[in-house]
Amino acid sequence: MHSHPEESVEPVIPKDWTSGIERPQYLLEHIPEDPAPLVELAYLPIVSVRQLSQDKMAQLFRLAALYETTPSLYQPPLTGKILISAFYEPSTRTRLSFESAWHRLGGDIMSITDPASTGIAKGESLRDVAEMFNNYGDLVVLRDNHNTAVYEMIDALRIPIINAGNGTDEHPTQAMADMYAIFKWRPELLNNDVPEDKKINIGIIGIPSRMRTVRSLLLFLAMYPRGINEVVVITDETEAFAEDQLEELESSGLNIRISNKLDKELPELDVVYINAIAWVGDSFETHGGIFKLDANSSLKPGSIILHPLARGDELSTELDDTPHNWYFAQARGAVFIRMALLTTLSQRISQVMEASSYS
């Protein structure tokens, strides 16, 4: 039986110990102001990490930190703008964080969550769908289980499109959220000369060839090899990388090693990124069932855990109340990095500059 409220001995206290752990002000103070790289992004489609650069990412991180630290400072820059939120594959965090970001910026949303409710179900081409989007909205966020869908739409679009996950290929804005969390935790990694005691070892539990979150994260890490001693990819797969994938990453200067011994690697890892889900076609696969993190894992003191979520048995809730938990901070920060990106692509960055320390 449930007791009535008046019978409760103590009031319920909300659990909020992780609030503020991300230290966005710490990151904000570490990045010099330079809005020029953001102006270059206006109206561009964002479909791959390969389109971005260190200077553009630094300013997106800075703008995200501005939104996070001073949310009431700005007049909503996207008032009157319409987002087409087209998610043709199941999503909770990505869709809701994009829609939350757009609402916070003052815009309106048209949401499509089932391709069966569109002309696609009747055989309409993606090019024709793109023409429809041109007339109805100001920006498109697309998730599709086909690797090529976002690319098929680009040529017909006259409004920006953001890739919110395309099959097994990429998930660039998830990787932005991942890097935003890492740089809030240790902004010195953005320096041209990273002190030796600030350099990190990163462990990635997943399959780079099949997991789009891992693929995009590795491409971002390849932009910052000077602050990374080693990336250890922990997997039970014999073929962890797609053709030429490892060569591309190593050519950037990233030092990568493959291991199948999680417990052996954990004591040396400063950042542990874990994922177990790979989307394939209309469904998903679960990988790496032997790799699990829990209260008994030999995590390095001071290390952080990241996970794109949703999680399964690979990440125990026992770790939620420990300082290793940065996966909730990672999810919260996704809203602010997407606010920064949406503002920039919509060419409304000047409005924010006028109200911020950029001016």
# chains A, B, ... in the order shown; residues from 1 in each chain; ligands from 1
$ residues_around --residues "A:Thr148" --least-positions-apart "2" --cutoff "12 Å" --atoms "only C-alpha atoms" --output "list of chain:residue names"
A:Val47, A:Leu126, A:Leu142, A:Arg143, A:Asp144, A:Asn145, A:His146, A:Val150, A:Tyr151, A:Glu152, A:Met153, A:Ile154, A:Asn163, A:Gly165, A:Asn166, A:Gly167, A:Thr168, A:Asp169, A:Glu170, A:Gly281
$ select_by_dssp --residues "stretch 222-270 of chain A" --states "helix (DSSP H, G or I)" --output "JSON, numbers by chain"
{"A": [225, 226, 227, 245, 246, 247, 248, 249, 250, 251, 262, 263, 264, 265, 266, 267, 268]}
$ atom_distance --atom1 "atom CA of A:Tyr88" --atom2 "atom CA of A:Ser111"
10.5 Å
$ residues_around --residues "stretch 224-229 of chain A" --least-positions-apart "5" --cutoff "10 Å" --atoms "only C-alpha atoms" --output "list in words"
Gln54, Glu188, Leu189, Leu190, Asn191, Asn192, Asp193, Val194, Pro195, Glu196, Asp197, Lys198, Lys199, Ile200, Asn201, Ile202, Leu219, Leu249, Glu250, Ser252, Gly253, Leu254, Asn255 and Ile256 of chain A
$ residues_around --residues "A:Ile290" --least-positions-apart "6" --cutoff "12 Å" --atoms "only C-alpha atoms" --output "ChimeraX atom specification"
/A:205-206,234-237,260-263,276,313-315
$ write_last_selection --atoms "N, CA, C and O atoms" --output "PDB file, in the first residue's frame"
ATOM      1  N   ILE A 205      34.817   2.162 -25.856  1.00  0.00           N
ATOM      2  CA  ILE A 205      34.263   0.814 -25.890  1.00  0.00           C
ATOM      3  C   ILE A 205      33.176   0.806 -26.961  1.00  0.00           C
ATOM      4  O   ILE A 205      32.096   1.368 -26.781  1.00  0.00           O
ATOM      5  N   GLY A 206      33.483   0.209 -28.084  1.00  0.00           N
ATOM      6  CA  GLY A 206      32.544   0.217 -29.192  1.00  0.00           C
ATOM      7  C   GLY A 206      33.216  -0.213 -30.480  1.00  0.00           C
ATOM      8  O   GLY A 206      34.387  -0.620 -30.484  1.00  0.00           O
ATOM      9  N   ILE A 234      38.343  -0.426 -27.389  1.00  0.00           N
ATOM     10  CA  ILE A 234      38.139  -1.687 -26.678  1.00  0.00           C
ATOM     11  C   ILE A 234      36.950  -2.397 -27.306  1.00  0.00           C
ATOM     12  O   ILE A 234      35.817  -1.912 -27.264  1.00  0.00           O
ATOM     13  N   THR A 235      37.198  -3.532 -27.909  1.00  0.00           N
ATOM     14  CA  THR A 235      36.169  -4.244 -28.659  1.00  0.00           C
ATOM     15  C   THR A 235      36.495  -5.727 -28.713  1.00  0.00           C
ATOM     16  O   THR A 235      37.665  -6.126 -28.589  1.00  0.00           O
ATOM     17  N   ASP A 236      35.457  -6.540 -28.909  1.00  0.00           N
ATOM     18  CA  ASP A 236      35.667  -7.971 -29.111  1.00  0.00           C
ATOM     19  C   ASP A 236      35.541  -8.346 -30.584  1.00  0.00           C
ATOM     20  O   ASP A 236      35.526  -9.524 -30.932  1.00  0.00           O
ATOM     21  N   GLU A 237      35.445  -7.333 -31.447  1.00  0.00           N
ATOM     22  CA  GLU A 237      35.371  -7.567 -32.884  1.00  0.00           C
ATOM     23  C   GLU A 237      36.769  -7.767 -33.468  1.00  0.00           C
ATOM     24  O   GLU A 237      37.719  -7.083 -33.073  1.00  0.00           O
ATOM     25  N   ASN A 260      41.176  -5.892 -26.269  1.00  0.00           N
ATOM     26  CA  ASN A 260      39.956  -6.617 -25.879  1.00  0.00           C
ATOM     27  C   ASN A 260      39.946  -6.900 -24.378  1.00  0.00           C
ATOM     28  O   ASN A 260      39.254  -7.796 -23.913  1.00  0.00           O
ATOM     29  N   LYS A 261      40.731  -6.120 -23.619  1.00  0.00           N
ATOM     30  CA  LYS A 261      40.873  -6.315 -22.178  1.00  0.00           C
ATOM     31  C   LYS A 261      40.453  -5.056 -21.432  1.00  0.00           C
ATOM     32  O   LYS A 261      41.267  -4.187 -21.110  1.00  0.00           O
ATOM     33  N   LEU A 262      39.171  -4.923 -21.154  1.00  0.00           N
ATOM     34  CA  LEU A 262      38.678  -3.721 -20.496  1.00  0.00           C
ATOM     35  C   LEU A 262      39.303  -3.528 -19.120  1.00  0.00           C
ATOM     36  O   LEU A 262      39.795  -2.441 -18.799  1.00  0.00           O
ATOM     37  N   ASP A 263      39.287  -4.538 -18.283  1.00  0.00           N
ATOM     38  CA  ASP A 263      39.780  -4.401 -16.913  1.00  0.00           C
ATOM     39  C   ASP A 263      41.253  -4.025 -16.876  1.00  0.00           C
ATOM     40  O   ASP A 263      41.693  -3.282 -15.995  1.00  0.00           O
ATOM     41  N   ALA A 276      26.957   0.562 -26.770  1.00  0.00           N
ATOM     42  CA  ALA A 276      26.711  -0.837 -27.109  1.00  0.00           C
ATOM     43  C   ALA A 276      25.743  -1.010 -28.269  1.00  0.00           C
ATOM     44  O   ALA A 276      25.487  -2.126 -28.693  1.00  0.00           O
ATOM     45  N   ASP A 313      22.727  -2.791 -19.973  1.00  0.00           N
ATOM     46  CA  ASP A 313      23.482  -3.393 -18.870  1.00  0.00           C
ATOM     47  C   ASP A 313      24.952  -3.012 -18.880  1.00  0.00           C
ATOM     48  O   ASP A 313      25.663  -3.265 -17.905  1.00  0.00           O
ATOM     49  N   GLU A 314      25.418  -2.411 -19.984  1.00  0.00           N
ATOM     50  CA  GLU A 314      26.852  -2.097 -20.072  1.00  0.00           C
ATOM     51  C   GLU A 314      27.270  -0.998 -19.097  1.00  0.00           C
ATOM     52  O   GLU A 314      28.448  -0.864 -18.772  1.00  0.00           O
ATOM     53  N   LEU A 315      26.319  -0.171 -18.633  1.00  0.00           N
ATOM     54  CA  LEU A 315      26.642   0.919 -17.712  1.00  0.00           C
ATOM     55  C   LEU A 315      25.687   0.867 -16.536  1.00  0.00           C
ATOM     56  O   LEU A 315      24.514   1.211 -16.650  1.00  0.00           O
TER      57      LEU A 315
END
$ residues_around --residues "stretch 24-32 of chain A" --least-positions-apart "3" --cutoff "6 Å" --atoms "only C-alpha atoms" --output "short mmCIF file (atom, residue, chain, number, x, y, z; two decimals) with C-alpha atoms, in the first residue's frame"
data_model
loop_
_atom_site.label_atom_id
_atom_site.label_comp_id
_atom_site.auth_asym_id
_atom_site.auth_seq_id
_atom_site.Cartn_x
_atom_site.Cartn_y
_atom_site.Cartn_z
CA ARG A 62 32.10 29.12 -26.46
CA ALA A 65 28.85 27.90 -22.78
CA LYS A 184 34.34 21.57 -20.03
CA PRO A 187 39.61 22.99 -21.39
#
